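Data file: entry00.cif. Format and content: mmCIF, C-alpha atoms.
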data_data
loop_
_atom_site.group_PDB
_atom_site.id
_atom_site.type_symbol
_atom_site.label_atom_id
_atom_site.label_comp_id
_atom_site.auth_asym_id
_atom_site.auth_seq_id
_atom_site.Cartn_x
_atom_site.Cartn_y
_atom_site.Cartn_z
ATOM 1 C CA MET M 1 -7.759 -22.890 -3.376
ATOM 2 C CA ALA M 2 -5.705 -23.282 -6.559
ATOM 3 C CA LYS M 3 -1.948 -23.539 -6.230
ATOM 4 C CA LEU M 4 -0.192 -20.176 -6.232
ATOM 5 C CA LYS M 5 1.984 -19.341 -9.228
ATOM 6 C CA ALA M 6 4.970 -17.012 -9.423
ATOM 7 C CA ILE M 7 6.776 -15.526 -12.401
ATOM 8 C CA ALA M 8 10.185 -13.856 -12.356
ATOM 9 C CA LEU M 9 11.570 -10.979 -14.381
ATOM 10 C CA ASN M 10 15.339 -10.981 -14.686
ATOM 11 C CA CYS M 11 16.306 -7.400 -15.488
ATOM 12 C CA THR M 12 20.009 -8.083 -15.974
ATOM 13 C CA LEU M 13 21.654 -6.009 -18.672
ATOM 14 C CA LYS M 14 22.874 -9.241 -20.341
ATOM 15 C CA ALA M 15 20.612 -9.900 -23.311
ATOM 16 C CA ASN M 16 22.093 -13.297 -24.142
ATOM 17 C CA ALA M 17 20.378 -15.962 -22.048
ATOM 18 C CA ALA M 18 23.519 -18.073 -22.367
ATOM 19 C CA ASP M 19 25.409 -15.518 -20.265
ATOM 20 C CA LYS M 20 25.292 -16.391 -16.580
ATOM 21 C CA SER M 21 23.536 -13.861 -14.394
ATOM 22 C CA SER M 22 23.770 -13.264 -10.655
ATOM 23 C CA THR M 23 20.139 -12.142 -10.802
ATOM 24 C CA ASP M 24 19.209 -15.637 -11.993
ATOM 25 C CA ALA M 25 21.164 -17.059 -9.067
ATOM 26 C CA MET M 26 19.208 -14.909 -6.595
ATOM 27 C CA ILE M 27 15.911 -15.799 -8.277
ATOM 28 C CA ALA M 28 16.861 -19.464 -7.848
ATOM 29 C CA VAL M 29 17.311 -18.922 -4.102
ATOM 30 C CA LEU M 30 13.806 -17.476 -3.926
ATOM 31 C CA GLU M 31 12.410 -20.248 -6.140
ATOM 32 C CA SER M 32 13.639 -22.817 -3.633
ATOM 33 C CA ALA M 33 12.164 -20.858 -0.727
ATOM 34 C CA PHE M 34 8.802 -20.465 -2.485
ATOM 35 C CA ALA M 35 8.674 -24.190 -3.248
ATOM 36 C CA GLU M 36 8.548 -24.834 0.505
ATOM 37 C CA HIS M 37 5.207 -22.980 0.476
ATOM 38 C CA ASP M 38 3.869 -24.860 -2.545
ATOM 39 C CA VAL M 39 4.352 -21.839 -4.826
ATOM 40 C CA GLU M 40 5.506 -22.779 -8.323
ATOM 41 C CA LEU M 41 7.847 -20.494 -10.262
ATOM 42 C CA THR M 42 6.601 -21.209 -13.778
ATOM 43 C CA GLU M 43 8.952 -19.019 -15.805
ATOM 44 C CA THR M 44 11.806 -16.547 -15.626
ATOM 45 C CA ILE M 45 11.811 -13.928 -18.373
ATOM 46 C CA ARG M 46 15.109 -12.286 -19.273
ATOM 47 C CA VAL M 47 13.756 -8.890 -20.223
ATOM 48 C CA ALA M 48 16.870 -7.677 -22.082
ATOM 49 C CA ALA M 49 16.460 -10.578 -24.517
ATOM 50 C CA CYS M 50 13.024 -9.241 -25.465
ATOM 51 C CA ASP M 51 12.076 -6.097 -27.341
ATOM 52 C CA VAL M 52 10.273 -4.049 -24.713
ATOM 53 C CA LYS M 53 9.697 -0.712 -26.411
ATOM 54 C CA PRO M 54 10.030 2.565 -24.508
ATOM 55 C CA GLY M 55 6.736 4.141 -23.543
ATOM 56 C CA VAL M 56 3.993 4.191 -20.939
ATOM 57 C CA THR M 57 1.181 2.310 -22.686
ATOM 58 C CA SER M 58 0.429 -1.416 -22.701
ATOM 59 C CA ASN M 59 1.137 -1.700 -26.422
ATOM 60 C CA GLU M 60 3.712 0.448 -28.187
ATOM 61 C CA GLY M 61 3.057 -0.968 -31.636
ATOM 62 C CA PRO M 62 4.640 -3.485 -34.037
ATOM 63 C CA GLY M 63 7.480 -5.522 -32.596
ATOM 64 C CA ASP M 64 6.685 -4.695 -28.983
ATOM 65 C CA ASP M 65 7.127 -7.753 -26.744
ATOM 66 C CA TRP M 66 5.529 -6.101 -23.731
ATOM 67 C CA PRO M 67 1.878 -7.061 -24.442
ATOM 68 C CA LEU M 68 2.632 -10.797 -24.181
ATOM 69 C CA MET M 69 4.955 -10.253 -21.227
ATOM 70 C CA ARG M 70 2.270 -8.171 -19.510
ATOM 71 C CA LYS M 71 -0.281 -10.962 -19.983
ATOM 72 C CA LYS M 72 2.088 -13.561 -18.566
ATOM 73 C CA ILE M 73 2.833 -11.393 -15.530
ATOM 74 C CA LEU M 74 -0.836 -10.753 -14.779
ATOM 75 C CA ASP M 75 -1.669 -14.453 -15.137
ATOM 76 C CA HIS M 76 0.382 -15.100 -11.974
ATOM 77 C CA ASP M 77 -0.184 -14.414 -8.287
ATOM 78 C CA ILE M 78 3.354 -13.383 -7.358
ATOM 79 C CA LEU M 79 5.963 -11.366 -9.269
ATOM 80 C CA ILE M 80 9.635 -11.789 -8.447
ATOM 81 C CA PHE M 81 11.212 -8.617 -9.781
ATOM 82 C CA GLY M 82 14.933 -9.235 -10.107
ATOM 83 C CA GLY M 83 17.750 -6.999 -11.204
ATOM 84 C CA PRO M 84 21.230 -5.657 -10.572
ATOM 85 C CA ILE M 85 22.403 -2.445 -8.983
ATOM 86 C CA TRP M 86 24.180 -0.047 -11.333
ATOM 87 C CA MET M 87 25.572 3.292 -10.148
ATOM 88 C CA GLY M 88 23.843 2.804 -6.816
ATOM 89 C CA GLN M 89 20.345 2.342 -8.262
ATOM 90 C CA ILE M 90 18.209 -0.184 -10.115
ATOM 91 C CA GLY M 91 19.315 -0.781 -13.694
ATOM 92 C CA SER M 92 17.799 0.629 -16.857
ATOM 93 C CA ILE M 93 16.024 -2.598 -17.864
ATOM 94 C CA ALA M 94 14.115 -2.640 -14.587
ATOM 95 C CA LYS M 95 13.155 0.985 -15.072
ATOM 96 C CA ARG M 96 11.843 0.223 -18.573
ATOM 97 C CA VAL M 97 9.507 -2.414 -17.073
ATOM 98 C CA LEU M 98 8.292 -0.004 -14.396
ATOM 99 C CA GLU M 99 7.592 2.640 -17.043
ATOM 100 C CA ARG M 100 5.475 0.204 -19.029
ATOM 101 C CA MET M 101 3.510 -0.729 -15.898
ATOM 102 C CA ASP M 102 2.531 2.931 -15.590
ATOM 103 C CA ALA M 103 -0.292 2.105 -18.006
ATOM 104 C CA PHE M 104 -1.991 0.122 -15.230
ATOM 105 C CA ILE M 105 -3.031 3.400 -13.617
ATOM 106 C CA GLY M 106 -5.473 4.091 -16.463
ATOM 107 C CA GLU M 107 -6.644 0.484 -16.888
ATOM 108 C CA THR M 108 -9.000 0.189 -13.932
ATOM 109 C CA ASP M 109 -12.144 -1.903 -13.630
ATOM 110 C CA ASP M 110 -15.580 -0.713 -12.489
ATOM 111 C CA GLN M 111 -14.338 -0.658 -8.877
ATOM 112 C CA GLY M 112 -11.287 1.426 -9.767
ATOM 113 C CA ARG M 113 -8.890 -1.501 -9.392
ATOM 114 C CA MET M 114 -5.779 -1.728 -11.560
ATOM 115 C CA PRO M 115 -5.068 -5.091 -13.251
ATOM 116 C CA SER M 116 -2.286 -5.736 -10.710
ATOM 117 C CA TYR M 117 -4.665 -5.442 -7.729
ATOM 118 C CA GLY M 118 -4.602 -8.554 -5.586
ATOM 119 C CA LYS M 119 -1.142 -9.545 -6.828
ATOM 120 C CA VAL M 120 2.050 -9.556 -4.765
ATOM 121 C CA ALA M 121 5.534 -8.379 -5.770
ATOM 122 C CA VAL M 122 8.928 -9.053 -4.181
ATOM 123 C CA ALA M 123 12.460 -8.091 -5.176
ATOM 124 C CA ALA M 124 15.654 -10.020 -5.931
ATOM 125 C CA ILE M 125 18.565 -7.576 -6.015
ATOM 126 C CA VAL M 126 22.283 -8.153 -6.526
ATOM 127 C CA GLY M 127 25.318 -5.939 -6.925
ATOM 128 C CA ASN M 128 28.923 -5.249 -6.057
ATOM 129 C CA GLU M 129 28.323 -1.786 -4.712
ATOM 130 C CA ASP M 130 26.073 0.037 -2.307
ATOM 131 C CA GLY M 131 22.460 0.670 -3.278
ATOM 132 C CA ALA M 132 20.319 -2.337 -2.308
ATOM 133 C CA HIS M 133 18.068 -0.306 -0.029
ATOM 134 C CA PHE M 134 17.771 2.574 -2.468
ATOM 135 C CA SER M 135 17.042 0.177 -5.328
ATOM 136 C CA SER M 136 14.306 -1.597 -3.394
ATOM 137 C CA ALA M 137 12.857 1.783 -2.388
ATOM 138 C CA GLN M 138 12.683 2.840 -6.046
ATOM 139 C CA LEU M 139 11.208 -0.485 -7.041
ATOM 140 C CA PHE M 140 8.598 -0.780 -4.318
ATOM 141 C CA GLN M 141 7.348 2.784 -4.649
ATOM 142 C CA SER M 142 6.830 2.317 -8.385
ATOM 143 C CA LEU M 143 5.176 -1.087 -7.950
ATOM 144 C CA ASN M 144 2.891 0.228 -5.230
ATOM 145 C CA ASP M 145 1.898 3.172 -7.426
ATOM 146 C CA THR M 146 0.870 0.715 -10.133
ATOM 147 C CA GLY M 147 -1.293 -1.464 -7.905
ATOM 148 C CA TRP M 148 1.013 -4.199 -6.629
ATOM 149 C CA THR M 149 0.913 -5.317 -3.008
ATOM 150 C CA ILE M 150 4.254 -5.408 -1.180
ATOM 151 C CA PRO M 151 4.524 -7.838 1.758
ATOM 152 C CA ALA M 152 6.576 -7.351 4.907
ATOM 153 C CA VAL M 153 10.261 -8.170 4.237
ATOM 154 C CA ALA M 154 9.861 -8.127 0.458
ATOM 155 C CA ALA M 155 13.465 -7.808 -0.703
ATOM 156 C CA CYS M 156 16.136 -10.487 -0.884
ATOM 157 C CA TYR M 157 19.488 -8.976 -1.773
ATOM 158 C CA TRP M 158 23.239 -9.440 -1.726
ATOM 159 C CA VAL M 159 25.845 -6.723 -2.090
ATOM 160 C CA GLY M 160 29.507 -7.547 -2.478
ATOM 161 C CA GLU M 161 32.587 -5.479 -1.851
ATOM 162 C CA ALA M 162 32.579 -2.092 -3.569
ATOM 163 C CA MET M 163 34.461 -2.305 -6.865
ATOM 164 C CA GLY M 164 35.007 -5.995 -6.122
ATOM 165 C CA SER M 165 35.353 -8.786 -8.659
ATOM 166 C CA VAL M 166 33.236 -11.462 -6.958
ATOM 167 C CA ASP M 167 29.602 -11.699 -8.058
ATOM 168 C CA PHE M 168 26.779 -13.420 -6.212
ATOM 169 C CA GLN M 169 26.821 -16.262 -8.729
ATOM 170 C CA ASP M 170 30.530 -16.837 -7.955
ATOM 171 C CA LEU M 171 30.035 -17.526 -4.251
ATOM 172 C CA PRO M 172 30.812 -21.116 -3.203
ATOM 173 C CA GLU M 173 27.558 -21.205 -1.231
ATOM 174 C CA THR M 174 24.612 -18.951 -0.524
ATOM 175 C CA PRO M 175 25.224 -16.834 2.594
ATOM 176 C CA GLU M 176 23.112 -17.885 5.570
ATOM 177 C CA LYS M 177 21.485 -14.480 5.919
ATOM 178 C CA VAL M 178 20.427 -14.499 2.250
ATOM 179 C CA THR M 179 18.834 -17.928 2.667
ATOM 180 C CA LYS M 180 17.121 -16.842 5.882
ATOM 181 C CA THR M 181 15.802 -13.672 4.235
ATOM 182 C CA ALA M 182 14.600 -15.612 1.188
ATOM 183 C CA LYS M 183 12.580 -17.932 3.423
ATOM 184 C CA MET M 184 10.935 -14.934 5.101
ATOM 185 C CA VAL M 185 10.233 -13.208 1.774
ATOM 186 C CA ALA M 186 8.645 -16.372 0.382
ATOM 187 C CA SER M 187 6.619 -17.115 3.502
ATOM 188 C CA ASN M 188 5.195 -13.614 3.762
ATOM 189 C CA ALA M 189 4.522 -13.294 0.030
ATOM 190 C CA ALA M 190 2.828 -16.695 -0.209
ATOM 191 C CA HIS M 191 0.650 -15.925 2.810
ATOM 192 C CA LEU M 192 -0.390 -12.548 1.469
ATOM 193 C CA ALA M 193 -0.982 -13.806 -2.079
ATOM 194 C CA GLY M 194 -3.187 -16.582 -0.728
ATOM 195 C CA LEU M 195 -5.301 -14.116 1.232
ATOM 196 C CA LEU M 196 -5.683 -11.776 -1.749
ATOM 197 C CA LYS M 197 -6.500 -14.639 -4.112
ATOM 198 C CA GLY M 198 -9.412 -15.525 -1.860
ATOM 199 C CA ALA M 199 -10.529 -11.951 -1.247
ATOM 200 C CA ASN M 200 -9.262 -9.222 -3.530
ATOM 201 C CA TYR M 201 -9.389 -5.542 -2.612
ATOM 202 C CA PRO M 202 -12.936 -4.183 -2.877
ATOM 203 C CA GLY M 203 -11.811 -1.100 -4.789
#
Mind converting the file's structure to structure tokens?
Amino acid sequence: MAKLKAIALNCTLKANAADKSSTDAMIAVLESAFAEHDVELTETIRVAACDVKPGVTSNEGPGDDWPLMRKKILDHDILIFGGPIWMGQIGSIAKRVLERMDAFIGETDDQGRMPSYGKVAVAAIVGNEDGAHFSSAQLFQSLNDTGWTIPAVAACYWVGEAMGSVDFQDLPETPEKVTKTAKMVASNAAHLAGLLKGANYPG
């Protein structure tokens, strides 16, 4: 079987790739965990640095960066969907991506399978306030609606003190429980992606 490939979406609100992002730091934790299962993270896309137009189709016209991003995502076996918590819920950039994936529902093959069928999605969530569970619930329901497969223990997250000033990227070391969770996320996702790559849903 060919080596599994993962791609990450960093849905930070920071459009400048030069600005450090705690979401990138969490994605890096997962990248290391996936490497132990021979899964290569080929690229991390900072969505805010791209022009993803509002809408619910796969191409919203001139200047829309989503069509190329969509192709890149679907060329991989595993999607790491990363983003911050804002106001207790997933941020607006993440929601824009989910809205664009809504088009998958009408893009089925002869067996009724969406283009995301047979592909696995996990979450990388960071924030300094409550909302990790609610954010993952929002994310996973939307991803499941649009054909993605969610493995057991699919979210790796860190939440700091409410209204605190320390971000995940500022920690001197990755907390043990985050590392342990990342290993479980990667193991389960790699296992499931391997099974689906060999035998996709029949539709």
Exercise for the section: For the point (8.6, -12.6, -13.1) in the file's frame, write as JSON, numbers by chain all residues with an atom no more than 6 Å away, counting only C-alpha atoms. Expected result: {"M": [7, 8, 9, 44, 79, 80, 81]}
Practice task
For the structure shown, which residues end up in the PyMOL selection byres ((chain M and resi 14-29) around 10)? Put them as a ChimeraX atom specification, please?
Solution key: /M:8-13,30-34,41,44-50,80-84,93,123-127,156-158,167-171,174,178-179,181-183
Exercise for the section: Can you pull out every residue within 12 Å of M:His191, counting all atoms listed in the file, but drop anything in the same chain fewer than 6 positions away, and send it as a count of residues only? Expected result: 16
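Atom pair atom CA of M:Asp130 / atom CA of M:Ile90 has a distance of 11.1 Å (rounded to one decimal).
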Exercise for the section: Output the residue selection produced by the PyMOL selection byres ((chain M and resi 104-106) around 10) on the file above, formatted as number ranges by chain. Expected result: M: 56-58, 100-103, 107-109, 112-117, 145-147
Could you write stretch 166-197 of chain M as a CSV table (one decimal), in the coordinates of the input, with N, CA and C atoms rebuilt where they are missing?
chain,number,residue,atom,x,y,z
M,166,VAL,N,34.0,-10.3,-7.2
M,166,VAL,CA,33.2,-11.5,-7.0
M,166,VAL,C,31.7,-11.1,-7.1
M,167,ASP,N,31.0,-11.9,-7.9
M,167,ASP,CA,29.6,-11.7,-8.1
M,167,ASP,C,28.9,-12.7,-7.2
M,168,PHE,N,27.6,-12.5,-7.0
M,168,PHE,CA,26.8,-13.4,-6.2
M,168,PHE,C,26.8,-14.8,-6.8
M,169,GLN,N,26.8,-14.9,-8.1
M,169,GLN,CA,26.8,-16.3,-8.7
M,169,GLN,C,28.2,-17.0,-8.5
M,170,ASP,N,29.2,-16.3,-8.1
M,170,ASP,CA,30.5,-16.8,-8.0
M,170,ASP,C,30.8,-17.4,-6.5
M,171,LEU,N,29.8,-17.1,-5.6
M,171,LEU,CA,30.0,-17.5,-4.3
M,171,LEU,C,30.0,-19.0,-4.2
M,172,PRO,N,30.8,-19.7,-3.3
M,172,PRO,CA,30.8,-21.1,-3.2
M,172,PRO,C,29.5,-21.6,-2.6
M,173,GLU,N,28.9,-20.8,-1.8
M,173,GLU,CA,27.6,-21.2,-1.2
M,173,GLU,C,26.8,-19.9,-0.9
M,174,THR,N,25.5,-20.1,-0.8
M,174,THR,CA,24.6,-19.0,-0.5
M,174,THR,C,24.8,-18.5,0.9
M,175,PRO,N,25.1,-17.3,1.2
M,175,PRO,CA,25.2,-16.8,2.6
M,175,PRO,C,24.0,-17.2,3.4
M,176,GLU,N,24.2,-17.5,4.7
M,176,GLU,CA,23.1,-17.9,5.6
M,176,GLU,C,22.0,-16.8,5.7
M,177,LYS,N,22.5,-15.6,5.8
M,177,LYS,CA,21.5,-14.5,5.9
M,177,LYS,C,20.6,-14.3,4.7
M,178,VAL,N,21.2,-14.6,3.5
M,178,VAL,CA,20.4,-14.5,2.2
M,178,VAL,C,19.4,-15.6,2.2
M,179,THR,N,19.8,-16.8,2.6
M,179,THR,CA,18.8,-17.9,2.7
M,179,THR,C,17.7,-17.7,3.7
M,180,LYS,N,18.1,-17.1,4.8
M,180,LYS,CA,17.1,-16.8,5.9
M,180,LYS,C,16.1,-15.8,5.4
M,181,THR,N,16.7,-14.7,4.7
M,181,THR,CA,15.8,-13.7,4.2
M,181,THR,C,14.9,-14.2,3.1
M,182,ALA,N,15.4,-15.0,2.3
M,182,ALA,CA,14.6,-15.6,1.2
M,182,ALA,C,13.4,-16.4,1.8
M,183,LYS,N,13.7,-17.2,2.8
M,183,LYS,CA,12.6,-17.9,3.4
M,183,LYS,C,11.5,-17.0,4.0
M,184,MET,N,11.9,-15.9,4.6
M,184,MET,CA,10.9,-14.9,5.1
M,184,MET,C,10.2,-14.2,4.0
M,185,VAL,N,10.9,-13.8,2.9
M,185,VAL,CA,10.2,-13.2,1.8
M,185,VAL,C,9.2,-14.1,1.2
M,186,ALA,N,9.6,-15.4,1.0
M,186,ALA,CA,8.6,-16.4,0.4
M,186,ALA,C,7.5,-16.7,1.3
M,187,SER,N,7.7,-16.8,2.6
M,187,SER,CA,6.6,-17.1,3.5
M,187,SER,C,5.6,-16.0,3.6
M,188,ASN,N,6.1,-14.8,3.7
M,188,ASN,CA,5.2,-13.6,3.8
M,188,ASN,C,4.4,-13.4,2.5
M,189,ALA,N,5.2,-13.5,1.3
M,189,ALA,CA,4.5,-13.3,0.0
M,189,ALA,C,3.5,-14.4,-0.3
M,190,ALA,N,3.8,-15.6,0.0
M,190,ALA,CA,2.8,-16.7,-0.2
M,190,ALA,C,1.6,-16.5,0.7
M,191,HIS,N,1.8,-16.1,1.9
M,191,HIS,CA,0.6,-15.9,2.8
M,191,HIS,C,-0.3,-14.8,2.3
M,192,LEU,N,0.4,-13.7,1.9
M,192,LEU,CA,-0.4,-12.5,1.5
M,192,LEU,C,-1.1,-12.8,0.1
M,193,ALA,N,-0.4,-13.5,-0.8
M,193,ALA,CA,-1.0,-13.8,-2.1
M,193,ALA,C,-2.2,-14.7,-1.9
M,194,GLY,N,-2.1,-15.7,-1.0
M,194,GLY,CA,-3.2,-16.6,-0.7
M,194,GLY,C,-4.4,-15.8,-0.2
M,195,LEU,N,-4.2,-14.9,0.7
M,195,LEU,CA,-5.3,-14.1,1.2
M,195,LEU,C,-6.0,-13.3,0.1
M,196,LEU,N,-5.1,-12.6,-0.7
M,196,LEU,CA,-5.7,-11.8,-1.7
M,196,LEU,C,-6.4,-12.6,-2.8
M,197,LYS,N,-5.9,-13.8,-3.1
M,197,LYS,CA,-6.5,-14.6,-4.1
M,197,LYS,C,-7.9,-15.0,-3.7
